[in-house]
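A short worksheet on the structure shown next.
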Amino acid sequence: MPALFDEIIKDYKIHTLRIEDLKLMSDVGFDVAKISCPNAVAYSEKLLNKPVPQLPATLYMKYYRDGNRSEYEKPYFERRDAAILLLLAELTEKQGRFTDLLIDYIWAILEESTWVIPAHIRQNHGNAPNCLPDAFNLTEEDDVRYVDLFSAQTGALLAWIWYLGGEILDPVTPVIRARILSMLKNRIFHVYYEVKGEGNGWMGDRGETLNNWTPWIVSNVLNAVMLCETDIEKRIYALERSSVILDRFTKDYPEDGGCDEGPGYWGVAGASYFDCLEIISDMTGGEVALFDVPFVKRLCEYIVDFNLCGSVYANFADASHFSGGCPTLLSRMGRLCKSDKLCGYAAFKANKLSFNSWSSSSTPYRSFKNLFEPYPACQPIPLKPETIFYPNLEVLIVRSESGLSLAAKGGHNAESHNHNDIGNFILFNRETPVFIDAGVEQYCKDTFSSKRYTLWTMRSLYHNLPEINGCEQLNGKQYHANIISCENGKLVLELKNAYPEEAGINSYIRSVSLNDNCFACTDNISLNEPGKIAFSIICVEEPENTASGKIRLNNAGVLAEYDEALSYSTDKIKLESKLRNEWQTESLTRIRLTEENIISKEYALTAKII
């Protein structure tokens, strides 16, 4: 993509913003007097008389000792959710009963030695792997001369508390809000303005390939700048710096608007990029507004296209099949980007009772915007039978009249949050899974390490793909698909280059299609010499092998047929808690279809509604 901001950011009209002057914020929907969050009051009442969750040093070190992320992150995020909800509850009630507890939570967050979570810390001067970070100063010996995802979120959240909480906090003591400003300057603004090329890879200063970290962090940093930075020159620099970083992000983003990180990360990739556009528009009084750029519209509409049926999405990469978009956000996207698809979809998904409720998130600006978004007035537009192809992303989506829906992909094995899954497909019968992508387990130390592709969820052996001569797909951009064609709901790929040379593949052409009530996957495989093919098919339910060449999936209401020459077997994939909860089962079933001494053959797998 070409740079969207380019030079225009340098010609905007700057606005000052002080706590005493709410005019600009009121103009864009943030009027303190209008904040009303009954759900925040109900939540905060449950916190009264309970202690602030503790974050001891040994809990921080746990990640380095045994790879566990969640035990530290759970109380870490509980603190942040509680702080903002207590503030909203007090702004709603104005009775003072939440003030002391709010102060305790804010103080606890300010007392944290670092806001960077253990999984993201970068040690600059040789600490042992289970040591605590040296986060005591701003010199080159400080381990946290950078901003990670959740330090940026913390900065944005504290900026809102500083901005909205003056009348609540200052009568108790002005120290709290003064300390918030000091911490923001040291931990967020200092890094953004002055520290470059020291591990802040999400800035792209050294030519790094960027992913969701970039717009996600930029949106939260800009949020804090918008609310708390009173130095006009620094505000100008923050906008110019952000425009450069965001243009680096879109440079490698698919022009079709597709998110290679999957729908699970679109909410903090494409959607956070949209947040950045909104914040910049707010900061410049609407003078820099890029919502009418076609690329921005496509980037936002992606999440509608990837909705297969109801609450089910095509969950490639590290995504849940329930990943989706908040109707309030989608309504605002549709309104600003002038997208009938987004507006109608948001109206169809919207619920008046919850539309403007507070939702704690890692993007506080978006959560506040959602409080004031007008309920969509347009006609609801449900999903319709449709064939959609993303040529740059190399993904086909087909929704049929019968209720079957298909997602199939090409791509390469160096995509962000990549699984080795070139040629993989997903099939649902309405919201019931037929053939699935399992998704990803709870993140741990190995998830983003050199051991990533030892995890079963990342391997092609546990996707709907074959093992060829004992070889599975490998990670790296050199392992890729070549698109032969995509038309009439059929994606045709050459997959030879998805496998290593040792697989001995002369040619491997996979055709995946959905035609009303019939799914078909045809594999034409030619080997250099006789070898073994072993197909994997991943199912949620236990299939019934009713006869040679036939598989019945009773819950899905589907009958699948395969080449009778293939030998049939199954094994169980035991699930950990996250995937158990997602798929509502203790284990998945992997079907294995194998044949030996093959040099060239066509295989067909079909599935029809019973």
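How things are named: the first chain in the structure tokens is A, the next is B, and so on; residues count from 1 in each chain; ligands count from 1 in the order shown.
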
Which residues are close to stretch 451-465 of chain A, i.e. within 8 Å by only C-alpha atoms, leaving aside same-chain residues fewer than 3 positions away? Reply as a VMD selection string.
chain A and resid 418 to 421 423 to 425 435 to 441 446 to 448 472 to 473 475 535 to 538 590

For the selection just defined, write its residues with N, CA and C atoms to a file, as a compact mmCIF listing (two decimals), in the first residue's frame.
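So selection_15.txt came out as:
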```txt
# COMPACT_ATOMS: atom_id res chain seq x y z
N ASN A 418 1.54 -16.90 12.25
CA ASN A 418 1.41 -17.97 11.27
C ASN A 418 1.21 -19.35 11.89
N HIS A 419 0.37 -20.14 11.22
CA HIS A 419 0.35 -21.59 11.39
C HIS A 419 0.85 -22.16 10.05
N ASN A 420 1.48 -23.30 10.08
CA ASN A 420 1.90 -23.94 8.82
C ASN A 420 0.66 -24.58 8.18
N ASP A 421 -0.09 -23.79 7.44
CA ASP A 421 -1.43 -24.20 7.03
C ASP A 421 -1.78 -23.82 5.59
N GLY A 423 -3.05 -24.02 2.12
CA GLY A 423 -3.99 -24.95 1.51
C GLY A 423 -5.08 -25.43 2.45
N ASN A 424 -5.05 -24.99 3.70
CA ASN A 424 -6.03 -25.44 4.68
C ASN A 424 -7.43 -24.93 4.34
N PHE A 425 -8.45 -25.66 4.83
CA PHE A 425 -9.84 -25.23 4.64
C PHE A 425 -10.62 -25.42 5.93
N PHE A 435 -15.38 -29.49 9.32
CA PHE A 435 -13.93 -29.62 9.34
C PHE A 435 -13.37 -28.29 9.84
N ILE A 436 -12.47 -28.34 10.79
CA ILE A 436 -12.12 -27.10 11.50
C ILE A 436 -10.62 -26.78 11.46
N ASP A 437 -10.32 -25.54 11.79
CA ASP A 437 -8.99 -25.12 12.23
C ASP A 437 -9.10 -25.01 13.75
N ALA A 438 -8.31 -25.78 14.47
CA ALA A 438 -8.47 -25.85 15.93
C ALA A 438 -8.24 -24.51 16.62
N GLY A 439 -7.39 -23.66 16.04
CA GLY A 439 -7.07 -22.39 16.68
C GLY A 439 -5.76 -22.47 17.44
N VAL A 440 -5.71 -21.83 18.59
CA VAL A 440 -4.46 -21.76 19.35
C VAL A 440 -4.75 -21.95 20.83
N GLU A 441 -3.83 -22.61 21.52
CA GLU A 441 -3.97 -22.80 22.95
C GLU A 441 -3.65 -21.51 23.71
N ASP A 446 6.58 -20.79 24.94
CA ASP A 446 6.97 -21.41 23.67
C ASP A 446 6.22 -20.83 22.47
N THR A 447 5.08 -20.18 22.70
CA THR A 447 4.21 -19.76 21.59
C THR A 447 4.94 -18.84 20.62
N PHE A 448 5.75 -17.93 21.15
CA PHE A 448 6.46 -16.97 20.29
C PHE A 448 7.97 -17.15 20.44
N GLU A 472 5.95 -32.79 6.72
CA GLU A 472 4.91 -31.79 6.90
C GLU A 472 5.41 -30.46 6.36
N GLN A 473 4.54 -29.46 6.31
CA GLN A 473 4.95 -28.12 5.87
C GLN A 473 5.91 -27.51 6.89
N ASN A 475 7.96 -23.76 8.29
CA ASN A 475 7.72 -22.33 8.38
C ASN A 475 8.78 -21.55 7.61
N PHE A 535 -3.40 -38.04 4.72
CA PHE A 535 -4.23 -36.84 4.90
C PHE A 535 -4.71 -36.74 6.34
N SER A 536 -4.75 -35.52 6.85
CA SER A 536 -5.35 -35.24 8.16
C SER A 536 -6.62 -34.42 7.95
N ILE A 537 -7.67 -34.77 8.70
CA ILE A 537 -8.91 -33.99 8.72
C ILE A 537 -9.29 -33.82 10.18
N ILE A 538 -9.50 -32.57 10.61
CA ILE A 538 -9.75 -32.28 12.02
C ILE A 538 -11.25 -32.02 12.22
N ARG A 590 -8.83 -36.39 15.00
CA ARG A 590 -8.08 -36.25 13.76
C ARG A 590 -8.28 -37.52 12.94
```

Give me the residues within 8 Å of A:Thr99 as number ranges by chain, counting only C-alpha atoms and dropping any in the same chain fewer than 6 places off.
A: 86-87, 90, 168-169

Any chance you can output those residues with C-alpha atoms as a PDB file, in the first residue's frame?
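This went into out08.pdb:
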```
ATOM      1  CA  LEU A  86     -14.429   2.276  39.543  1.00  0.00           C
ATOM      2  CA  LEU A  87     -13.878   5.663  37.902  1.00  0.00           C
ATOM      3  CA  GLU A  90     -18.055   7.143  40.547  1.00  0.00           C
ATOM      4  CA  ILE A 168     -12.911  13.017  42.123  1.00  0.00           C
ATOM      5  CA  LEU A 169      -9.185  12.723  42.863  1.00  0.00           C
TER       6      LEU A 169
END
```

Need to verify the contact set: A:Gln54, 12 Å, only C-alpha atoms, exclusion of same-chain residues closer than 5 positions in sequence. Can you return it as a PyMOL selection string?
chain A and resi 59-60+71-79+104-105+108-109+111-112

Applying 12 Å and only C-alpha atoms, which residues near A:Gly201 remain after dropping the ones on its own chain fewer than 4 positions away? List them as a list of chain:residue names.
A:His120, A:Arg122, A:Tyr146, A:Val147, A:Asp148, A:Leu149, A:Val195, A:Lys196, A:Gly197, A:Asp205, A:Arg206, A:Gly207, A:Glu208, A:Thr209, A:Leu210, A:Asn211, A:Asn212, A:Trp213, A:Thr214, A:Ile217, A:Ile245, A:Arg248, A:Phe249

Residues of the last selection are to be written out with C-alpha atoms, as a PDB file, in the first residue's frame.
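File written: out.pdb
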```pdb
ATOM      1  CA  HIS A 120       7.342  -8.915  26.453  1.00  0.00           C
ATOM      2  CA  ARG A 122      13.585  -7.058  26.622  1.00  0.00           C
ATOM      3  CA  TYR A 146      10.580   0.695  25.162  1.00  0.00           C
ATOM      4  CA  VAL A 147       6.795   0.390  25.124  1.00  0.00           C
ATOM      5  CA  ASP A 148       4.982  -2.918  24.745  1.00  0.00           C
ATOM      6  CA  LEU A 149       1.312  -3.573  24.035  1.00  0.00           C
ATOM      7  CA  VAL A 195      14.119   6.322  22.030  1.00  0.00           C
ATOM      8  CA  LYS A 196      14.546   4.762  18.591  1.00  0.00           C
ATOM      9  CA  GLY A 197      16.099   1.551  17.358  1.00  0.00           C
ATOM     10  CA  ASP A 205      12.850   2.363  12.519  1.00  0.00           C
ATOM     11  CA  ARG A 206      15.168  -0.416  11.335  1.00  0.00           C
ATOM     12  CA  GLY A 207      12.971  -1.656   8.490  1.00  0.00           C
ATOM     13  CA  GLU A 208      11.195  -4.374  10.495  1.00  0.00           C
ATOM     14  CA  THR A 209       8.107  -6.109   9.118  1.00  0.00           C
ATOM     15  CA  LEU A 210       5.255  -4.728  11.212  1.00  0.00           C
ATOM     16  CA  ASN A 211       2.140  -6.369  12.597  1.00  0.00           C
ATOM     17  CA  ASN A 212      -0.714  -5.585  14.997  1.00  0.00           C
ATOM     18  CA  TRP A 213       1.699  -4.220  17.612  1.00  0.00           C
ATOM     19  CA  THR A 214       2.143  -1.060  15.531  1.00  0.00           C
ATOM     20  CA  ILE A 217       0.436   0.698  20.474  1.00  0.00           C
ATOM     21  CA  ILE A 245       5.045   4.712  11.819  1.00  0.00           C
ATOM     22  CA  ARG A 248       5.286   1.819   7.602  1.00  0.00           C
ATOM     23  CA  PHE A 249       2.503  -0.483   8.869  1.00  0.00           C
TER      24      PHE A 249
END
```

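The gap separating atom CA of A:His321 from atom CA of A:Ser402 is 20.4 Å, in Å to one decimal.
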
I'd like the neighbourhood of stretch 504-516 of chain A as a PyMOL selection string, where a residue qualifies if any of its atoms comes within 6 Å (using only C-alpha atoms), though same-chain residues fewer than 2 positions away should be ignored.
chain A and resi 400-402+489-496+501-502+518-528

Nearest residue to A:Val558 out of A:Leu427, A:Leu474, A:Ala82, A:Leu246, using only C-alpha atoms?
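Among the listed residues, A:Leu427 lies closest to A:Val558.
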
Taking the backbone alone, and naming residues the way the document does, which bits of stretch 548-589 of chain A are helix (DSSP H, G or I) by DSSP, as JSON, numbers by chain?
{"A": [577, 578, 579, 580, 581, 582, 583]}

When DSSP is applied to the backbone of this structure, which of stretch 220-375 of chain A are assigned strand (DSSP E)? Write them out as a PyMOL selection string.
chain A and resi 307-309+312-313

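The two atoms in question, atom CA of A:Arg592 and atom CA of A:Thr570, are spaced 5.7 Å apart.
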
If we count only C-alpha atoms, what is near A:Ala498 at a cut-off of 7 Å, once residues fewer than 4 positions away on the same chain are taken out, given as a list of chain:residue names?
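After dropping sequence-adjacent residues, the list is A:Ile422, A:Gln473, A:Tyr479, A:His480, A:Ala481.
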
Let me see the file: selected residues, C-alpha atoms, as a tab-separated table (two decimals), in the first residue's frame.
```
chain	number	residue	atom	x	y	z
A	422	ILE	CA	-1.04	-23.39	3.33
A	473	GLN	CA	4.95	-28.12	5.87
A	479	TYR	CA	7.09	-22.16	1.77
A	480	HIS	CA	4.16	-20.77	-0.14
A	481	ALA	CA	1.24	-21.44	-2.45
```

Excluding A:Gly257 and any residue of its chain fewer than 5 positions from it, enumerate the residues within 7 Å of it, using only C-alpha atoms, and give them as a JSON list (two decimals) with C-alpha atoms, in the first residue's frame.
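As a result, out32.json now contains:
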```json
[["chain", "number", "residue", "atom", "x", "y", "z"],
["A", 295, "PHE", "CA", -8.26, 0.93, 1.34],
["A", 298, "ARG", "CA", -11.78, -2.51, 2.67],
["A", 299, "LEU", "CA", -9.69, -2.94, 5.81],
["A", 302, "TYR", "CA", -12.78, -7.57, 6.21]]
```

Contact check, stretch 220-246 of chain A to stretch 180-185 of chain A, at most 12 Å, counting only C-alpha atoms, closest pairs as a tab-separated table:
```
residue	atom	partner	partner_atom	distance
A:Asn220	CA	A:Leu184	CA	11.7
A:Val221	CA	A:Leu184	CA	9.6
A:Leu222	CA	A:Leu184	CA	11.9
A:Asn223	CA	A:Leu184	CA	11.6
A:Ala224	CA	A:Leu184	CA	8.0
A:Val225	CA	A:Leu184	CA	9.2
A:Leu227	CA	A:Leu181	CA	10.5
A:Cys228	CA	A:Leu181	CA	7.3
A:Glu229	CA	A:Lys185	CA	8.8
A:Thr230	CA	A:Leu181	CA	10.7
A:Asp231	CA	A:Lys185	CA	11.6
A:Lys234	CA	A:Lys185	CA	11.3
```

Would you put the residues from that selection into a file with C-alpha atoms, as a PDB file, in the first residue's frame?
```pdb
ATOM      1  CA  ASN A 220      -2.942   3.974  22.835  1.00  0.00           C
ATOM      2  CA  VAL A 221       0.062   6.301  22.867  1.00  0.00           C
ATOM      3  CA  LEU A 222      -1.770   8.880  20.753  1.00  0.00           C
ATOM      4  CA  ASN A 223      -4.745   8.535  23.079  1.00  0.00           C
ATOM      5  CA  ALA A 224      -2.516   9.507  26.015  1.00  0.00           C
ATOM      6  CA  VAL A 225      -0.932  12.345  24.030  1.00  0.00           C
ATOM      7  CA  LEU A 227      -5.506  13.793  26.663  1.00  0.00           C
ATOM      8  CA  CYS A 228      -2.384  14.703  28.620  1.00  0.00           C
ATOM      9  CA  GLU A 229       0.324  16.310  26.472  1.00  0.00           C
ATOM     10  CA  THR A 230       0.076  20.097  26.791  1.00  0.00           C
ATOM     11  CA  ASP A 231       3.323  20.973  25.002  1.00  0.00           C
ATOM     12  CA  LYS A 234       5.459  17.659  21.364  1.00  0.00           C
TER      13      LYS A 234
END
```

Each residue of stretch 188-226 of chain A lying at most 6 Å from stretch 270-290 of chain A should get a row with its shortest atom-to-atom pair and the distance in Å to one decimal, counting only C-alpha atoms; could you produce that, ordered by chain and increasing number, as CSV?
```
residue,atom,partner,partner_atom,distance
A:Pro215,CA,A:Tyr273,CA,5.0
A:Trp216,CA,A:Ser272,CA,5.2
A:Ser219,CA,A:Cys276,CA,4.8
```

For the residues in that selection, give me N, CA and C atoms as a short mmCIF file (atom, residue, chain, number, x, y, z; two decimals), in the first residue's frame.
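Result file selection34.cif:
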```
data_model
loop_
_atom_site.label_atom_id
_atom_site.label_comp_id
_atom_site.auth_asym_id
_atom_site.auth_seq_id
_atom_site.Cartn_x
_atom_site.Cartn_y
_atom_site.Cartn_z
N PRO A 215 -0.24 -0.50 15.07
CA PRO A 215 -1.41 0.37 15.29
C PRO A 215 -1.98 0.24 16.69
N TRP A 216 -1.85 -0.93 17.30
CA TRP A 216 -2.36 -1.13 18.65
C TRP A 216 -1.66 -0.20 19.63
N SER A 219 -2.18 3.68 18.69
CA SER A 219 -3.49 4.20 19.08
C SER A 219 -3.53 4.54 20.56
#
```

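The interatomic distance for the pair atom CA of A:Val395 and atom CA of A:Ile483 works out to 10.3 Å.
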
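Taking only C-alpha atoms into account, A:Tyr163 lies nearest to A:Met226 out of the set A:Asp252, A:Met226, A:Leu575, A:Val175.
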